[in-house]
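Undergrad: Starting off with a structure, shown below.
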Amino acid sequence: MMPDMPEGLMTREKASALAGKVYALVRACPPGRVTTYGWLANAIGLPRGGARVVGWIMNESHDGTVPAQRVINSKGELSGAWAFGQKGRMRKLLEDEGIIFDAKERVDMKRYGWDPARDLSPEDLARIVGDDAEPAPASDNLLRLLLDDPASPFRIVPDAGRADE
């Protein structure tokens, strides 16, 4: 069972609910494992472009309650290496959890990857990202990206057929 995605105009309330679902899944990722932006997006039912949305949400997880170091790109690379205050900090956090990097500085996704849609039962996934998931504050910047960025699946596209534009 795939969670329901926001329909209609993206509001701050809907963005906060979406961020809460992403953070809940990241918190569910076990220590010593990593997940990807795309896997998280898929698990909560985001449409095409959802991985980027997850990235925008993760960029706002600065309070230390979300183990953001466990979210990497689909190639096993650390895409947010500078987001942890200093270069190398994200890698150190993962190494402290037992994750080993290869010679190309990548994580072996077959060994360490955690795909919530595959690794959680449908019931556990629904429980984690269900309507009871605690919302997380959505900033003005996140709301702007969700509404205006060309890559956002929630973007407001002006009606090209209107004469008053």
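How things are named: the first chain in the structure tokens is A, the next is B, and so on; residues count from 1 in each chain; ligands count from 1 in the order shown.
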Write down as JSON, numbers by chain the residues belonging to chain A that are assigned helix (DSSP H, G or I) by DSSP computed on the backbone.

TA: {"A": [12, 13, 14, 15, 16, 17, 18, 19, 20, 21, 22, 23, 24, 25, 26, 27, 28, 37, 38, 39, 40, 41, 42, 43, 50, 51, 52, 53, 54, 55, 56, 57, 58, 68, 69, 70, 81, 82, 83, 84, 89, 90, 91, 92, 93, 94, 95, 96, 109, 110, 111, 112, 116, 117, 118, 119, 122, 123, 124, 125, 126, 127, 128, 129, 140, 141, 142, 143, 144, 145, 146, 147, 148]}

Undergrad: Counting only C-alpha atoms, what is within 12 Å of Leu146 of chain A, bar same-chain residues fewer than 2 positions away, as a count of residues only?

TA: 35

Undergrad: My list of candidates is A:Gly8, A:Pro67, A:Gly45, A:Gly76. Which is closest to Leu125 of chain A when distances are computed with only C-alpha atoms?

TA: A:Gly45

Undergrad: In Å, how far is it from atom CA of Asp115 of chain A to atom CA of Glu60 of chain A?

TA: 21.7 Å

Undergrad: Between A:Gly64, A:Pro135, A:Gly32, A:Gly38, which is the closest to Asp108 of chain A once you count only C-alpha atoms?

TA: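 The shortest atom-to-atom distance to Asp108 of chain A comes from A:Gly32.
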